[in-house]
Structures are given as structure tokens and as C-alpha cells.
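Since the structure comes first, as C-alpha cells, the remarks are kept for the end.
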Amino acid sequence: MKLNTMAAVMSFVSKVENESAQLYEDYARRYPKIGDIFSSFIKENKRFEKGIKQTYFGVITDTIEACYSFEGLDTDDYEFVINSNPSTPLANALQMALEIEDKIEKFYLKVAELSNSLMADIPIACTRVAKKRQDRKATLQSLLEKV
Amino acid sequence: MEVRRLQNYINGEWVDSESKELEEVRNPAWDKLLCHVPMSTKAEVDRAVQASKDAFPEWRNIPPVTRCRYLQRLIELMEERFDELSRVQTTEHGKTIDESRGETRRAIEMVEVASGIPSLMQGFNLEDIAAGIDEYAIYQPLGVFCALAPFNFPFMVPLWFLPFAIACGNTFVVKPSPRTPMSQAELFSIFDEVGFPPGVVNLVNGAADVANHLMEHPDIQGVTFVGSTPVGRIVYRKCGETGKRVIAQCGAKNFLVIMPDAELDSSMASLMSSFFGNTGQRCLSGANALVVGDDAVYKRFVDKFVEAAANIRVGDGLDESVQMGPLQNVASKQRVAGVIERGVKEDAQLTLDGRKLNLVGDVPETCFLNPTVFENVTPDMSLAREEIFGPVASILRAKDLDEAIEIIHGNPYGNAGSIFTSSGKWARQFQHDVAVGNVGINIGIVAPMSFFPFGGRKDSFFGVTHGQGRDAIRFFTDPKVVIQRWF
């Protein structure tokens with residue numbers, strides 16, 4: 001599906017943050033030894049969503065081009081499927097999380113790029129979340145190497 | 001099912017109008033009846049003005065910092081109901097949800113700025129104008145003001161004025177557009193929740209009769225109006241005759257000058273928003289694209305512009321994939337379609353015909369047009385001179401910036417003008433020379449923030465001080481000068 005407006009991007013932000021948070025809730029239950037790390041991801045996801053939306057709702061005015069900045073951001077490139085099989089080994093679970101985080105990072109970077117003609121706050125907020133996603137990927141990678 | 005009938009809000013209470021005359025408010029995307037709005041009687045206008053007049057002495061004596069607290073509560077409640085308020089705007093007007101959210105945000109910003117009134121309203125003084133004698137000026141409120149609001153920004157426009165007026169200690173009557181009255185009904189439900197003293201803010205629904213009675217009312221100190229130039233002239237004249245202050249923000253025909261060095265790829269979203277945002281129904285819309293340069297420059301611009309306009313997704317504004325909503329009503333659509341037909345007869349080249357509909361979803365065609373682009377438009381054509389208030393872009397050419405500015409100055413309006421260029425020299429010349437109230441440099445919609453005045457010149461504005469910011473404070477107060485000596 002193509003996203004053509006900032007309103008649609010905001011809805012997709014909620015979707016990716018909520019769905020990935022659900023994944024980490026599942027992981028926190030399944031892998032209690034490292035559950036705290038996943039719990040911290042869940043809190044972060046809520047902060048990311050809130051931060052992006054606060055930025056959007058804070059700067060959107062009739063001067064900016066929220067309906068016209070997106071020639072079509074294809075959600076197919078950023079959709080992910082969560083495999084919630086309880087018998088999945090930790091290494092596979094971490095690998096799946098890494099792939100999802102990579103997609104989400106790319107999504108935010110693309111939004112930042114396409115929203116350049118909006119007030120700078122929106123691309124800055126998206127770039128900030130993308131950077132946090134890089135940090136998260138490093139954490140997941142480090143866990144994976146220890147398995 | 002019984003259709004809701006809107007009420008008036010007078011003296012702190014919701015009241016049914018006695019009027020039997022009702023108009024329909026329809027959702028333009030689905031052509032569905034939303035509610036009925038009464039055309040209130042003169043007696044109801046009188047009651048609203050009297051309530052405002054009665055509330056004034058007590059309200060003006062409330063310290064400004066305390067009046068601000070009402071506004072701060074208002075901000076809190078508007079934030080809480082942000083999306084609900086935005087959806088009402090889309091429902092009754094047709095604009096996209098992003099555009100409505102933008103309108104809500106700017107409305108809130110007005111209240112935020114007005115809540116700085118303890119600083120904004122301060123006067124000035126000078127000790128010792130002569131030995132032992134001091135002089136100072138204090139800004140005082142005047143009484144009852146009113147807003148005659150347009151249909152195109154049904155939520156925001158009354159708030160260009162009302163928060164500043166009441167923060168200064170005045171009281172206020174709003175007459176919404178009968179085409180889009182629901183947003184103000186929502187706003188007044190919030191006023192009610194805030195708990196303003198009765199009579200400080202009042203809402204009277206109606207059309208021209210109500211507006212005329214407000215303008216003629218001896219207890220109204222000043223009128224704020226946003227709408228067309230022909231009506232604005234009447235408002236200005238009537239207020240002059242009755243000795244009222246007036247801000248009349250009127251029609252427009254805004255030029256966007258595209259210089260040969262314009263960054264087109266970065267600017268196209270801005271251009272689309274300018275010409276087609278709010279379905280072209282706003283006084284800051286781009287109307288004429290004035291391209292400076294040779295044939296290659298012209299072709300490069302037109303190709304990109306027409307392609308982008310053709311790709312705009314048109315449909316129900318509540319659908320998040322939609323980029324442009326319908327015209328506000330079927331009469332607007334017919335009028336704009338007539339303008340397109342007249343443009344063809346004037347020998348302009350119809351490059352993109354918005355009458356050939358391409359709509360998202362299964363919405364009825366009733367109020368919809370797609371973006372329209374004309375080429376070979378000359379400054380003397382009605383397409384280039386008259387306000388269209390719809391999604392129609394005209395493309396003109398000029399050999400250089402001097403000629404472009406000359407063409408702009410030949411137009412009767414002077415609301416806004418923009419230049420798209422990479423040259424600081426050209427930008428500076430444009431800013432300096434062009435006779436418009438709001439200038440954009442690589443900005444398509446020059447909507448001044450709430451802490452700046454909303455300008456306008458020539459047939460686009462009648463009055464002296466403008467709305468918003470410090471200009472609004474001057475409009476809603478009068479400087480009283482005191483000279484004092486103590487023996």
C-alpha cells in the first residue's frame with residue numbers, strides 16, 4: 001500500500017511501533033533471563049510513537065505540505081510478519097527482531113527523506129528514532145553473538 | 001432519524017433559535033445532510049450583544065493574568081479534543097484530515113499567543129515630560145467585538161481574533177458561516193466547559209441578515225471579517241458609516257514566481273500545497289504560476305507541475321490516502337467548472353482538465369473536481385485576474401523578474417506572493433519591491449504565525465491594523481494617555 005499523506009504515515013508509525021512492541025512482550029515472557037532488555041524496548045517503542053506524533057501534531061499547520069510530500073511510500077517495503085511460535089530458539093528470535101528493526105529503521109529514514117519539504121522538526125524526529133533503532137540493532141546483535 | 005438543529009450560545013447558555021428559517025449543512029464528500037443551522041433573528045442578535053455588553057465591565061476588571069488562565073484551560077481542552085475537532089472540520093468542509101489538523105494547530109497557536117497578554121498589552125511611559133510631570137499610555141479594552149467568519153477555515157478564523165479580543169478584556173460575538181457552522185459549535189462547547197463568565201463569548205448562527213445587524217448595532221465597537229472582496233467592501237463601508245473599527249481580510253489572486261534557478265524538485269510539494277491545498281479555497285492559495293525564463297526553463301517547470309497535479313489523489317478527506325478533498329458545496333463546484341469553461345473560451349490552453357474526474361473510493365461526484373492547469377494565460381484574462389477559489393492553476397510567463405513584479409502589480413489584489421529561486425539577490429529584490437502583504441521565499445503558503453500580523457494590501461485588505469499578534473492587540477484596545485502632576 002502506498003502512503004501519500006503525513007496522516008497515513010502517522011497511522012503506519014503506530015502500527016509498526018505497536019506490532020514490534022507486541023513481539024518484545026512475547027520475547028520477554030519466553031526468554032526471562034534477558035526479559036529486561038525486551039521490556040525496555042517496549043517502553044522505548046511507546047516513547048518513539050509518542051515523540052513522533054507529538055512532533056507531527058505540534059508543527060502541522062496550514063503552511064506545510066503534509067498532503068503532498070509523499071509521492072508514495074510503499075508500506076510493502078516495511079511490513080513485517082511476526083512468527084510467534086513459542087518453540088523458536090532464541091537465536092532465531094533475535095535474528096527475526098534484527099530484521100524487523102532494520103525495516104523499521106529504513107522506514108524512518110525514508111520518511112525523513114520524503115518529508116524534507118515539511119518543517120524540519122518532522123525529519124529530525126524521524127532521523128532520531130532511526131538512530132535509536134541502530135543502537136537497538138547493536139544490542140540485538142550483541143545478544144545474538146552470545147547465544 | 002431526526003436531524004440535529006444547531007443552537008446559539010448566548011449569555012453562557014445554549015439556546016434554540018426562535019427562527020423557523022433553517023439551512024442545511026451537508027458533508028460535501030458524501031453529499032449527506034449533517035445538521036440544520038438556524039438563521040437567527042434580530043432579537044437574538046440583540047440578546048447576544050446585550051449579554052456581551054453586560055459582561056464587559058466585570059470581565060475587563062478581571063486581572064489580565066487571571067483572564068489568561070481561562071485561555072490556558074481552553075488550550076488544554078482543545079489539545080484533549082484535537083482530533084475530534086479536526087474531524088468535524090473535515091466532515092463539514094471536506095478538506096483532508098491533515099489540513100484540518102493544521103487548522104486546529106494554528107487555532108491553538110492563536111490562543112497560546114493571546115495568553116501572553118500581560119506582556120503584550122503593556123503600555124509605555126516617560127517620566128518628566130516637563131519637570132515633575134509624567135506621561136504614560138495604557139491600553140484599554142473597548143467593549144463588544146464580533147467576527148463574521150468564512151466557510152473555508154471554519155474553526156481557525158474566528159480564533160485569529162477572539163482570543164486576542166477577550167484576553168484584552170473585551171467581549172465577543174461570533175457569527176459562523178452558515179455553510180460550515182459545526183466547528184464553532186464544537187469550539188463553543190469547549191468555551192462552555194472552560195466556564196467563561198456568561199456573556200464573554202457568544203455564538204449567533206445566521207447569514208447576511210445577522211451580519212448586517214451586527215455591523216449596524218450601536219453597541220458593537222469593532223468588526224472582524226474574512227471573506228470575499230465585494231462583501232469586504234460592504235463591511236468596510238458600513239463600519240465606516242457607523243464609526244466602528246474594522247479588519248476586513250478579503251479576496252486574493254496570489255502569484256508564485258518561478259525563477260530559472262528554482263529548486264523544482266524540492267519545491268514541488270510546496271507548489272502543490274499552495275495551488276491545490278484546501279482544494280484551492282483559501283486566500284493564501286497560489287493562483288498564478290509566473291515562470292521567468294526561456295522555453296527550456298518553462299517546459300521543465302510545466303512538465304513537473306502538471307505531472308504532480310495530475311497525480312494528486314482526490315476523495316473523502318477522512319481517507320488518509322487522499323490529498324485533496326471536494327469543493328465545499330455543489331454551487332462552488334459549478335462555479336469553478338464555469339470558470340474553467342470561460343478560461344477555454346478566453347483561449348487559454350487547458351492542459352489538465354479537472355472536470356474529468358478521477359476519484360479515490362466510491363464517493364459521489366457531486367462536489368468534486370480534480371486539479372486543473374491552464375497554460376498560455378495572459379495577465380489580462382479573467383483566469384489571471386479574478387479570484388477562483390478552487391483547484392485551478394494558471395501558468396503565465398515573464399521575461400525577467402522586473403516584468404514579473406510589474407504583472408503582479410497590475411493585478412487588483414495584494415494578499416500574498418512567493419518567489420522560488422536560489423538567488424538571494426532576486427529574493428531580496430522581490431521581497432523589497434512587491435506590493436503584497438505576505439511574501440514567501442521558497443514557501444508556497446505564506447500563512448503568518450500567530451505572533452505576526454496577517455498582512456494584505458490593495459483589494460485584499462480593508463482596515464488599518466491586521467489580525468493576529470501585536471496588531472490584534474492594537475485593534476482590540478485603545479491607548480489612553482495620562483499626564484500627571486502631583487503637588
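Naming scheme: A, B, ... for chains in displayed order of the C-alpha cells; residues 1 onward per chain; ligands 1 onward as shown.
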**Message:** Just want the 12 Å neighbourhood of segment 334-342 of chain B, counted on only C-alpha atoms, with same-chain residues fewer than 2 positions away dropped. Output as JSON, numbers by chain.
**Reply:** {"B": [279, 280, 281, 326, 327, 328, 329, 330, 331, 332, 344, 345, 346, 347, 348, 349, 350, 351, 352, 353, 354, 355, 356, 357, 365, 366, 367, 368, 369, 370, 371, 372, 373, 374, 381, 382, 383, 384, 385, 386, 387, 388, 389, 390, 391, 392, 393, 394]}
**Request:** Could the residues of chain A within 10 Å of chain B, counting only C-alpha atoms, be given as a count of residues only, please?
**Result:** 33
**Message:** Based on the backbone DSSP call, show me all residues of segment 126-209 of chain B assigned strand (DSSP E or B), as a list of chain:residue names.
**Reply:**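 Checking each residue of segment 126-209 of chain B, the strand (DSSP E or B) ones are B:Leu126, B:Glu127, B:Asp128, B:Ile129, B:Ala130, B:Ile133, B:Asp134, B:Glu135, B:Tyr136, B:Ala137, B:Ile138, B:Tyr139, B:Gln140, B:Pro141, B:Val144, B:Phe145, B:Cys146, B:Ala147, B:Leu148, B:Thr171, B:Phe172, B:Val173, B:Val174, B:Lys175, B:Val201, B:Asn202, B:Leu203.
Atom CA of Phe155 of chain B is positioned 24.7 Å from atom CA of Val363 of chain B.
Atom CA of Phe164 of chain B to atom CA of Ala114 of chain B spans 5.0 Å [interatomic distance, one decimal].
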**Message:** Need the shell around segment 22-29 of chain B: protein/DNA/RNA residues with any atom at most 7 Å away, counting only C-alpha atoms. Skip same-chain ones fewer than 4 positions apart. Format as JSON, numbers by chain?
**Reply:** {"B": [33, 34, 35, 36, 37, 38, 39, 91, 92, 93, 94, 179, 180, 316, 326, 328, 329, 363, 367]}
**Item:** DSSP helix (DSSP H, G or I) residues within chain A, as a ChimeraX atom specification
**Value:** /A:6-30,32-59,75-77,90-114,121-146
Those residues with C-alpha atoms, as an mmCIF file, in the first residue's frame please?
data_model
loop_
_atom_site.group_PDB
_atom_site.id
_atom_site.type_symbol
_atom_site.label_atom_id
_atom_site.label_comp_id
_atom_site.auth_asym_id
_atom_site.auth_seq_id
_atom_site.Cartn_x
_atom_site.Cartn_y
_atom_site.Cartn_z
ATOM 1 C CA MET A 6 1.562 12.541 6.624
ATOM 2 C CA ALA A 7 -1.653 11.389 8.329
ATOM 3 C CA ALA A 8 -1.208 7.971 6.727
ATOM 4 C CA VAL A 9 2.444 7.885 7.782
ATOM 5 C CA MET A 10 1.392 8.588 11.376
ATOM 6 C CA SER A 11 -1.018 5.669 11.318
ATOM 7 C CA PHE A 12 1.745 3.424 9.996
ATOM 8 C CA VAL A 13 4.097 4.640 12.743
ATOM 9 C CA SER A 14 1.535 3.441 15.307
ATOM 10 C CA LYS A 15 1.249 0.112 13.531
ATOM 11 C CA VAL A 16 4.979 -0.676 13.418
ATOM 12 C CA GLU A 17 5.631 0.504 16.956
ATOM 13 C CA ASN A 18 2.699 -1.423 18.418
ATOM 14 C CA GLU A 19 3.352 -4.604 16.479
ATOM 15 C CA SER A 20 7.041 -4.683 17.308
ATOM 16 C CA ALA A 21 6.196 -3.948 20.960
ATOM 17 C CA GLN A 22 3.905 -6.988 20.939
ATOM 18 C CA LEU A 23 6.812 -9.072 19.668
ATOM 19 C CA TYR A 24 9.011 -7.912 22.533
ATOM 20 C CA GLU A 25 6.256 -8.606 25.066
ATOM 21 C CA ASP A 26 6.238 -12.152 23.759
ATOM 22 C CA TYR A 27 10.043 -12.380 23.928
ATOM 23 C CA ALA A 28 10.101 -11.003 27.481
ATOM 24 C CA ARG A 29 7.846 -13.852 28.552
ATOM 25 C CA ARG A 30 9.648 -16.513 26.565
ATOM 26 C CA PRO A 32 13.023 -14.245 31.015
ATOM 27 C CA LYS A 33 16.813 -14.161 31.505
ATOM 28 C CA ILE A 34 17.054 -11.263 29.075
ATOM 29 C CA GLY A 35 13.472 -10.126 29.589
ATOM 30 C CA ASP A 36 14.515 -6.748 30.995
ATOM 31 C CA ILE A 37 16.112 -5.811 27.704
ATOM 32 C CA PHE A 38 12.919 -6.564 25.785
ATOM 33 C CA SER A 39 10.834 -4.743 28.383
ATOM 34 C CA SER A 40 12.986 -1.667 27.886
ATOM 35 C CA PHE A 41 12.356 -1.932 24.112
ATOM 36 C CA ILE A 42 8.598 -1.919 24.754
ATOM 37 C CA LYS A 43 8.870 1.307 26.770
ATOM 38 C CA GLU A 44 11.055 2.808 24.073
ATOM 39 C CA ASN A 45 8.529 1.938 21.376
ATOM 40 C CA LYS A 46 5.856 3.861 23.256
ATOM 41 C CA ARG A 47 8.208 6.822 23.607
ATOM 42 C CA PHE A 48 9.093 6.705 19.907
ATOM 43 C CA GLU A 49 5.453 6.704 18.839
ATOM 44 C CA LYS A 50 4.566 9.470 21.259
ATOM 45 C CA GLY A 51 7.585 11.546 20.251
ATOM 46 C CA ILE A 52 6.899 11.291 16.518
ATOM 47 C CA LYS A 53 3.219 12.076 16.953
ATOM 48 C CA GLN A 54 3.913 14.960 19.313
ATOM 49 C CA THR A 55 6.220 16.410 16.690
ATOM 50 C CA TYR A 56 3.657 15.977 13.923
ATOM 51 C CA PHE A 57 0.739 17.365 15.909
ATOM 52 C CA GLY A 58 2.963 20.144 17.218
ATOM 53 C CA VAL A 59 4.144 21.529 13.910
ATOM 54 C CA THR A 75 4.435 0.005 3.051
ATOM 55 C CA ASP A 76 5.206 -3.331 1.388
ATOM 56 C CA ASP A 77 8.869 -2.439 1.849
ATOM 57 C CA LEU A 90 16.457 -17.618 20.949
ATOM 58 C CA ALA A 91 18.949 -17.185 18.128
ATOM 59 C CA ASN A 92 16.202 -17.294 15.525
ATOM 60 C CA ALA A 93 14.040 -14.947 17.567
ATOM 61 C CA LEU A 94 16.875 -12.442 17.810
ATOM 62 C CA GLN A 95 17.567 -12.748 14.108
ATOM 63 C CA MET A 96 13.921 -12.018 13.358
ATOM 64 C CA ALA A 97 13.978 -8.987 15.674
ATOM 65 C CA LEU A 98 17.094 -7.701 13.925
ATOM 66 C CA GLU A 99 15.400 -7.951 10.545
ATOM 67 C CA ILE A 100 12.304 -6.167 11.833
ATOM 68 C CA GLU A 101 14.359 -3.395 13.415
ATOM 69 C CA ASP A 102 16.248 -2.983 10.173
ATOM 70 C CA LYS A 103 12.973 -2.476 8.302
ATOM 71 C CA ILE A 104 11.710 -0.003 10.876
ATOM 72 C CA GLU A 105 14.979 1.943 10.748
ATOM 73 C CA LYS A 106 14.748 2.125 6.964
ATOM 74 C CA PHE A 107 11.124 3.239 7.209
ATOM 75 C CA TYR A 108 12.001 6.160 9.460
ATOM 76 C CA LEU A 109 14.943 7.158 7.273
ATOM 77 C CA LYS A 110 12.690 7.132 4.202
ATOM 78 C CA VAL A 111 10.052 9.231 5.965
ATOM 79 C CA ALA A 112 12.788 11.681 6.990
ATOM 80 C CA GLU A 113 13.956 11.886 3.376
ATOM 81 C CA LEU A 114 10.473 12.320 1.898
ATOM 82 C CA ASP A 121 11.096 19.052 13.055
ATOM 83 C CA ILE A 122 9.463 16.030 11.419
ATOM 84 C CA PRO A 123 12.536 14.734 9.521
ATOM 85 C CA ILE A 124 14.678 15.443 12.595
ATOM 86 C CA ALA A 125 12.340 13.408 14.820
ATOM 87 C CA CYS A 126 12.302 10.526 12.329
ATOM 88 C CA THR A 127 16.088 10.550 11.969
ATOM 89 C CA ARG A 128 16.406 10.491 15.761
ATOM 90 C CA VAL A 129 14.236 7.381 16.026
ATOM 91 C CA ALA A 130 16.132 5.727 13.169
ATOM 92 C CA LYS A 131 19.372 6.332 15.073
ATOM 93 C CA LYS A 132 17.875 4.750 18.201
ATOM 94 C CA ARG A 133 16.946 1.785 16.057
ATOM 95 C CA GLN A 134 20.600 1.410 15.080
ATOM 96 C CA ASP A 135 21.506 1.300 18.760
ATOM 97 C CA ARG A 136 18.846 -1.316 19.319
ATOM 98 C CA LYS A 137 20.168 -3.391 16.453
ATOM 99 C CA ALA A 138 23.623 -3.288 18.032
ATOM 100 C CA THR A 139 22.140 -4.568 21.289
ATOM 101 C CA LEU A 140 20.325 -7.393 19.499
ATOM 102 C CA GLN A 141 23.465 -8.278 17.527
ATOM 103 C CA SER A 142 25.464 -8.443 20.707
ATOM 104 C CA LEU A 143 22.887 -10.764 22.293
ATOM 105 C CA LEU A 144 22.911 -12.928 19.202
ATOM 106 C CA GLU A 145 26.673 -13.304 19.343
ATOM 107 C CA LYS A 146 26.434 -14.524 22.930
#
